[in-house]
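So this block is protein.txt, compact mmCIF, C-alpha atoms:
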# COMPACT_ATOMS: atom_id res chain seq x y z
CA MET H 236 -11.59 18.32 -4.78
CA MET H 237 -13.96 16.46 -7.06
CA GLN H 238 -16.66 18.58 -8.61
CA PRO H 239 -20.10 17.62 -7.24
CA ASP H 240 -22.87 16.68 -9.62
CA LEU H 241 -25.73 18.69 -8.18
CA ASN H 242 -28.25 16.81 -10.29
CA ARG H 243 -27.66 13.91 -7.91
CA ASP H 244 -29.58 14.22 -4.67
CA SER H 245 -26.73 12.95 -2.51
CA ASP H 246 -24.25 15.41 -4.06
CA LEU H 247 -26.65 18.29 -3.64
CA MET H 248 -27.15 17.36 0.02
CA THR H 249 -23.40 17.09 0.61
CA TRP H 250 -22.72 20.37 -1.18
CA LEU H 251 -25.34 22.16 0.93
CA ARG H 252 -23.89 20.65 4.09
CA GLN H 253 -20.34 21.66 3.18
CA ASN H 254 -21.47 25.21 2.51
CA ASP H 255 -23.97 25.56 5.34
CA PRO H 256 -24.37 29.29 5.96
CA ALA H 257 -24.67 28.54 9.66
CA GLY H 258 -21.74 26.16 9.52
CA GLU H 259 -19.42 28.15 11.66
CA ILE H 260 -21.03 29.70 14.67
CA SER H 261 -18.23 30.95 16.83
CA PRO H 262 -17.89 29.70 20.41
CA ALA H 263 -17.74 33.31 21.55
CA ARG H 264 -21.12 34.04 20.01
CA LEU H 265 -22.61 30.93 21.61
CA ALA H 266 -21.19 31.78 25.01
CA ASN H 267 -22.44 35.34 24.76
CA LEU H 268 -25.94 34.30 23.76
CA SER H 269 -26.02 31.59 26.41
CA GLU H 270 -25.06 34.13 29.04
CA ARG H 271 -27.78 36.52 27.89
CA ILE H 272 -30.40 33.77 28.04
CA LEU H 273 -29.32 32.72 31.54
CA GLN H 274 -29.48 36.33 32.68
CA LYS H 275 -33.04 36.57 31.36
CA THR H 276 -34.10 33.33 33.02
CA ALA H 277 -32.88 34.74 36.33
CA ILE H 278 -35.58 37.42 36.17
CA THR H 279 -38.30 35.52 34.30
CA PRO H 280 -40.84 33.65 36.45
CA GLN H 281 -41.75 30.12 35.43
CA SER H 282 -45.30 28.99 34.92
CA GLU H 283 -46.97 27.09 37.75
CA ALA H 284 -47.04 23.35 37.24
CA THR H 285 -50.50 21.99 36.47
CA PRO H 286 -51.97 20.95 39.87
CA ARG H 287 -52.59 17.25 40.13
CA VAL H 288 -55.90 16.29 41.78
CA SER H 289 -55.67 13.16 43.93
CA ALA H 290 -58.36 10.47 43.74
CA ALA H 291 -59.44 11.16 47.36
CA ALA H 292 -59.81 14.86 46.66
CA ALA H 293 -61.81 14.14 43.50
CA LEU H 294 -64.10 11.75 45.46
CA SER H 295 -64.59 14.28 48.22
CA ARG H 296 -65.54 16.90 45.66
CA ALA H 297 -68.04 14.54 44.04
CA GLN H 298 -69.59 13.73 47.45
CA ASN H 299 -69.92 17.41 48.29
CA ALA H 300 -71.60 18.03 44.95
CA SER H 301 -74.06 15.15 45.56
CA LEU H 302 -74.91 16.45 49.02
CA MET H 303 -75.50 19.94 47.68
CA MET H 304 -77.71 18.62 44.90
CA GLY H 305 -79.71 16.48 47.37
CA GLY H 306 -80.21 19.46 49.64
CA LEU H 307 -81.40 21.58 46.76
CA ILE H 308 -83.94 18.95 45.70
CA MET H 309 -85.27 18.67 49.29
CA LEU H 310 -85.63 22.42 49.48
CA VAL H 311 -87.59 22.64 46.21
CA LEU H 312 -89.87 19.76 47.28
CA GLY H 313 -90.43 21.34 50.67
CA LEU H 314 -91.44 24.62 49.10
CA PHE H 315 -93.78 22.87 46.67
CA VAL H 316 -95.48 20.82 49.37
CA GLY H 317 -95.71 23.79 51.69
CA GLN H 318 -97.47 25.84 49.09
CA ASN H 319 -100.08 23.13 48.52
CA LEU H 320 -100.94 22.30 52.13
CA PRO H 321 -104.47 23.26 53.21
CA THR H 322 -104.59 26.65 54.89
CA GLU H 323 -106.45 25.14 57.82
CA LEU H 324 -103.30 23.37 58.92
CA SER H 325 -102.13 25.90 61.38
CA PRO H 326 -100.91 25.70 64.96
CA PHE H 327 -103.73 28.04 65.89
CA VAL H 328 -106.45 25.59 64.84
CA ALA H 329 -107.72 22.94 67.28
CA PRO H 330 -106.17 19.45 66.80
CA SER H 331 -109.49 17.81 65.92
CA GLU H 332 -110.17 20.36 63.20
CA GLN H 333 -106.62 20.01 62.03
CA SER H 334 -106.97 16.24 61.67
CA ALA H 335 -110.20 16.61 59.74
CA ALA H 336 -108.65 19.15 57.44
CA LEU H 337 -105.61 16.96 56.97
CA LEU H 338 -107.75 13.96 56.11
CA ALA H 339 -109.64 16.05 53.60
CA SER H 340 -106.50 17.27 51.89
CA PRO H 341 -105.67 15.80 48.45
CA TRP H 342 -102.27 14.73 49.76
CA LEU H 343 -103.55 12.26 52.29
CA GLY H 344 -106.62 11.41 50.28
CA ALA H 345 -104.41 9.52 47.94
CA LEU H 346 -103.18 7.38 50.80
CA LYS H 347 -106.62 6.31 51.91
CA MET V 112 -44.38 30.29 43.16
CA PRO V 113 -41.33 28.32 42.05
CA ALA V 114 -38.01 29.13 43.61
CA SER V 115 -36.12 31.79 41.76
CA PRO V 116 -33.19 30.40 39.80
CA GLN V 117 -29.79 30.53 41.39
CA ARG V 118 -26.86 31.35 39.19
CA THR V 119 -23.95 28.98 39.56
CA GLY V 120 -21.31 31.17 38.06
CA GLN V 121 -20.28 28.36 35.71
CA GLU V 122 -19.44 29.23 32.16
CA PRO V 123 -21.89 27.67 29.72
CA ASP V 124 -19.16 26.01 27.69
CA LEU V 125 -17.55 24.31 30.67
CA PRO V 126 -18.34 20.70 31.47
CA LEU V 127 -21.26 20.48 33.87
CA PRO V 128 -22.19 17.77 36.36
CA TYR V 129 -25.42 17.33 34.42
CA GLY V 130 -23.67 16.05 31.32
CA GLU V 131 -25.03 12.53 31.70
CA ALA V 132 -28.59 13.50 32.62
CA SER V 133 -31.51 12.99 30.26
CA ASP V 134 -33.22 16.00 28.74
CA PHE V 135 -36.27 15.32 30.89
CA ALA V 136 -34.24 15.18 34.10
CA LEU V 137 -32.60 18.47 33.15
CA LEU V 138 -35.98 20.02 32.47
CA GLN V 139 -37.27 18.84 35.82
CA ALA V 140 -34.26 20.38 37.51
CA GLY V 141 -34.75 23.52 35.42
CA ALA V 142 -38.37 23.64 36.54
CA ARG V 143 -37.12 23.84 40.11
CA GLY V 144 -35.12 26.88 39.14
CA ASP V 145 -31.80 25.10 38.66
CA SER V 146 -30.00 27.32 36.18
CA ALA V 147 -27.02 24.94 35.89
CA ALA V 148 -29.37 22.28 34.51
CA PHE V 149 -30.81 24.83 32.11
CA SER V 150 -27.29 25.77 31.12
CA GLU V 151 -26.67 22.14 30.14
CA ILE V 152 -29.77 22.26 27.94
CA LEU V 153 -28.28 25.33 26.29
CA ASN V 154 -25.01 23.45 25.77
CA ARG V 155 -26.89 20.68 24.02
CA TYR V 156 -29.24 22.61 21.77
CA LEU V 157 -28.28 26.26 21.47
CA LYS V 158 -25.98 25.75 18.49
CA ASN V 159 -28.51 23.71 16.50
CA MET V 160 -31.30 26.17 17.15
CA LEU V 161 -29.11 29.12 16.29
CA ALA V 162 -28.12 27.47 13.02
CA LEU V 163 -31.77 26.81 12.17
CA ALA V 164 -32.74 30.41 12.88
CA GLN V 165 -29.71 31.76 11.03
CA ARG V 166 -30.45 29.78 7.88
CA PHE V 167 -34.01 30.98 8.00
CA SER V 168 -33.37 34.65 8.72
CA GLY V 169 -30.07 35.19 6.98
CA ASN V 170 -28.74 37.48 9.65
CA THR V 171 -27.17 36.95 13.02
CA ALA V 172 -28.99 39.56 15.08
CA ASP V 173 -32.45 38.28 14.18
CA ALA V 174 -31.37 34.68 14.70
CA ASP V 175 -30.03 35.53 18.16
CA GLU V 176 -33.32 37.17 19.15
CA VAL V 177 -35.44 34.29 17.92
CA VAL V 178 -33.34 31.71 19.72
CA GLN V 179 -33.31 33.73 22.92
CA GLU V 180 -37.11 33.90 22.80
CA ALA V 181 -37.39 30.14 22.16
CA PHE V 182 -35.25 29.22 25.16
CA LEU V 183 -37.08 31.67 27.40
CA ARG V 184 -40.31 29.97 26.41
CA LEU V 185 -38.76 26.66 27.34
CA TRP V 186 -37.73 28.10 30.70
CA VAL V 187 -41.24 29.41 31.38
CA HIS V 188 -42.93 26.16 30.36
CA ALA V 189 -40.40 23.75 31.92
CA PRO V 190 -42.63 22.99 34.96
CA ARG V 191 -45.38 21.89 32.62
CA TRP V 192 -43.22 19.76 30.34
CA ASN V 193 -44.95 16.48 29.67
CA ALA V 194 -42.52 13.65 28.98
CA GLU V 195 -45.33 11.46 27.69
CA GLY V 196 -46.40 14.11 25.17
CA GLY V 197 -44.28 12.45 22.49
CA ALA V 198 -42.16 15.44 21.48
CA THR V 199 -38.46 15.32 22.16
CA LEU V 200 -36.87 18.49 23.41
CA LYS V 201 -35.10 18.98 20.08
CA THR V 202 -38.27 18.70 18.01
CA TRP V 203 -40.13 20.96 20.45
CA LEU V 204 -37.42 23.62 20.33
CA SER V 205 -37.10 23.32 16.55
CA ARG V 206 -40.82 23.84 16.21
CA VAL V 207 -40.78 26.93 18.42
CA VAL V 208 -37.83 28.39 16.52
CA MET V 209 -39.51 27.59 13.21
CA ASN V 210 -42.79 29.25 14.24
CA LEU V 211 -41.05 32.31 15.64
CA CYS V 212 -39.05 32.65 12.42
CA ILE V 213 -42.16 32.32 10.26
CA ASP V 214 -44.05 34.87 12.35
CA ARG V 215 -41.15 37.25 12.26
CA TYR V 216 -40.34 37.01 8.58
CA ARG V 217 -43.78 36.35 7.15
CA LEU V 218 -43.92 39.68 5.36
CA LYS V 219 -40.29 39.86 4.34
CA LYS V 220 -39.24 39.26 0.75
CA PRO V 221 -36.22 37.16 -0.21
CA ILE V 222 -33.16 39.34 -0.17
CA ALA V 223 -30.66 39.88 -2.94
CA LEU V 224 -27.41 37.96 -3.04
CA ASP V 225 -25.42 41.09 -2.22
CA ASP V 226 -27.55 41.61 0.89
CA ALA V 227 -27.52 38.01 2.03
CA GLY V 228 -25.55 38.78 5.15
CA GLU V 229 -21.89 38.86 5.91
CA LEU V 230 -20.73 35.33 6.42
CA VAL V 231 -17.02 35.92 6.04
CA ASP V 232 -15.05 34.79 9.03
CA PRO V 233 -12.89 37.81 9.90
CA ALA V 234 -10.13 35.47 10.99
CA ALA V 235 -10.02 33.74 7.62
CA SER V 236 -7.74 35.28 5.09
CA SER V 237 -6.80 32.49 2.75
CA PHE V 238 -8.21 32.24 -0.74
CA GLU V 239 -9.97 28.98 0.16
CA ALA V 240 -11.61 30.58 3.18
CA MET V 241 -12.86 33.43 1.02
CA GLN V 242 -14.23 30.98 -1.52
CA LEU V 243 -15.99 29.07 1.25
CA ALA V 244 -17.47 32.29 2.58
CA ASP V 245 -18.74 33.14 -0.91
CA ARG V 246 -20.33 29.73 -1.32
CA ARG V 247 -21.98 30.07 2.08
CA ARG V 248 -23.44 33.41 1.09
CA MET V 249 -24.74 31.82 -2.07
CA VAL V 250 -26.35 28.92 -0.19
CA GLN V 251 -27.89 31.41 2.22
CA HIS V 252 -29.25 33.33 -0.74
CA LEU V 253 -30.64 30.14 -2.28
CA LEU V 254 -32.30 29.12 1.01
CA LEU V 255 -33.85 32.55 1.46
CA GLY V 256 -35.38 32.20 -1.99
CA LEU V 257 -37.29 29.07 -0.99
CA PRO V 258 -40.81 29.16 0.46
CA ASP V 259 -40.77 28.99 4.28
CA ARG V 260 -41.72 25.35 4.67
CA GLN V 261 -39.31 24.12 2.00
CA ARG V 262 -36.52 26.10 3.61
CA ILE V 263 -37.26 24.58 7.00
CA ALA V 264 -37.54 21.06 5.60
CA ILE V 265 -34.18 21.36 3.80
CA SER V 266 -32.57 22.92 6.82
CA LEU V 267 -33.75 20.24 9.23
CA ALA V 268 -33.34 17.22 6.97
CA TYR V 269 -30.15 18.04 5.09
CA LEU V 270 -28.25 20.47 7.26
CA ASP V 271 -29.31 19.31 10.73
CA GLU V 272 -29.43 15.70 9.50
CA MET V 273 -32.78 15.02 11.16
CA SER V 274 -34.70 11.95 10.05
CA VAL V 275 -37.74 12.53 7.86
CA ASN V 276 -39.94 11.31 10.72
CA ASP V 277 -38.45 13.83 13.13
CA VAL V 278 -38.82 16.60 10.56
CA ALA V 279 -42.45 15.54 10.16
CA LYS V 280 -43.00 15.74 13.94
CA THR V 281 -41.33 19.11 14.10
CA MET V 282 -43.36 20.52 11.23
CA ASP V 283 -46.57 18.76 12.24
CA LEU V 284 -46.78 17.07 8.83
CA THR V 285 -46.81 13.51 7.58
CA ALA V 286 -43.57 11.93 6.43
CA GLY V 287 -44.97 11.90 2.90
CA ALA V 288 -45.64 15.62 3.01
CA VAL V 289 -42.06 16.24 4.15
CA GLU V 290 -40.71 14.11 1.29
CA SER V 291 -42.83 16.14 -1.08
CA LEU V 292 -41.48 19.40 0.36
CA LEU V 293 -37.92 18.12 -0.06
CA VAL V 294 -38.53 17.14 -3.68
CA ARG V 295 -39.91 20.59 -4.47
CA ALA V 296 -37.09 22.28 -2.54
CA ARG V 297 -34.44 20.34 -4.49
CA ARG V 298 -36.13 21.19 -7.77
CA SER V 299 -36.29 24.84 -6.83
CA LEU V 300 -32.67 24.92 -5.69
CA ARG V 301 -31.49 23.34 -8.95
CA LYS V 302 -33.48 25.80 -11.00
CA ARG V 303 -31.99 28.72 -9.12
CA LEU V 304 -28.49 27.28 -9.40
CA ASN V 305 -29.08 26.84 -13.11
CA ASP V 306 -30.36 30.41 -13.43
CA LEU V 307 -27.17 31.59 -11.76
CA GLY V 308 -25.16 29.48 -14.22
CA LEU V 309 -23.76 27.30 -11.48
CA MET V 310 -24.99 23.88 -12.50
CA ARG V 311 -22.31 23.44 -15.11
CA GLU V 312 -19.21 21.46 -14.25
CA GLY V 313 -16.45 23.60 -12.82
CA ASP V 314 -18.68 26.43 -11.74
CA LEU V 315 -18.79 25.53 -8.06

Output the file's structure as C-alpha cells, nothing else.
Amino acid sequence: MMQPDLNRDSDLMTWLRQNDPAGEISPARLANLSERILQKTAITPQSEATPRVSAAAALSRAQNASLMMGGLIMLVLGLFVGQNLPTELSPFVAPSEQSAALLASPWLGALK
Amino acid sequence: MPASPQRTGQEPDLPLPYGEASDFALLQAGARGDSAAFSEILNRYLKNMLALAQRFSGNTADADEVVQEAFLRLWVHAPRWNAEGGATLKTWLSRVVMNLCIDRYRLKKPIALDDAGELVDPAASSFEAMQLADRRRMVQHLLLGLPDRQRIAISLAYLDEMSVNDVAKTMDLTAGAVESLLVRARRSLRKRLNDLGLMREGDL
C-alpha cells in the first residue's frame, strides 16, 4: 500500500477514514442497542402534538373576547352614571318632582 | 394520549415494509406509536449516530448510552416534528448526539493512548488486523485530543462524509466557521502526529 502524505489534506482525510475508530461497529451490537431502544420506547410516552387552532375557533374566541370587553365597559359606565345621578331620582318621589329634578341635573342640562 | 406503541416482533436488521418511506412519513407513523416505523429509522441512522458518539467518547458503553438517549428523545418528540423546520432527521439527530456528548464529557480530560479504549476486533487475528486496530486506537487518541467542536467537525465532515453545509446546520454555525474549525483541526492533528513521530514516511 502506498504511504499517505499526511501533509496533503486529501491524504489526511483518507487516512482518517481508513482508520476510523468507529469503523467497525458489529451488527450484533447494533441489533442489541436497537432492541434496547425499542424496549424503552414501548414504555416511554410521547409528547402531545401541538394543538392546531382552526380559523373558526380563533374567530369565535375573538368574538367572545369582544363581547366580554363590551360588557365590562357597559358595567363601568353604568356604575359611573349611577353614582352621579341626583339623589332625588327615586321611585318614592312624585313624578312631577322627579321630572324637575331630572331637568335640573347636570346630565340633562347639557342636552338643553 | 397517543396510542401506546405496539411491538411487531420484527428484528431491527430485517427488511421492513417501510424501507421506501421518507423519514418524515416514518416519523409520522412513529408519532402514532408505530414501532416498526421507528425501527426503520433506527435501521437508517443508528450506525451513524453510534459512530459519532463513539468517536467523541472513545468508549462503547458511553456511546451506547448517548445514542439510546438521543433516539428516545426523537421518540418523545416525534408527534411535534416539523417537516418545514428545515432540519433533516440526520442533522437533528447528529445535533442531539453532539450536545449530549458535550454535556457528558465537558469535564473530562483527553485520555492517554494506552487508555483510548479497546478497539481490537476479537475475531481478528492476522497481523494486518492488529495493525489496523492499533491505527484505530491512535486515531481515537488523536480525536480525543482535539477540542470538542473540532472533533465533531472532523467526525462529521471527514468520517461521516457530510457536506460542509450540513455540518454547519448540525453545529449551528456558518459554513465559514466550519471550514475554519476543519483547518484548525487538521493543523492540530498534524502537530500531534508529528509529536508522536508519525509524520515521517514509513511510519504509518

| message | Using all atoms listed in the file and a distance of at most 8 Å, pull out the residues of chain H that contact chain V, as a PyMOL selection string. | response | chain H and resi 238+240-242+244+248+251-252+254-258+260+265-266+268-273+275-285

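For the atom pair formed by CA of Gln274 (chain H) and CA of Tyr216 (chain V), the distance is 26.4 Å, given to one decimal.
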
| query | Could you work out how far CA of Ala132 (chain V) lies from CA of Val177 (chain V), giving the answer in Å with one decimal? | reply | 26.4 Å

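For the pair CA of Val275 (chain V) and CA of Arg303 (chain V), the interatomic distance is 24.2 Å.
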
| said: Which residues are near Ile213 (chain V)? Cut-off 10 Å, all atoms listed in the file, ignore same chain within fewer than 4 positions. Put them as a PyMOL selection string. | reply: chain V and resi 164+167-168+207-209+217-219+259-260+263
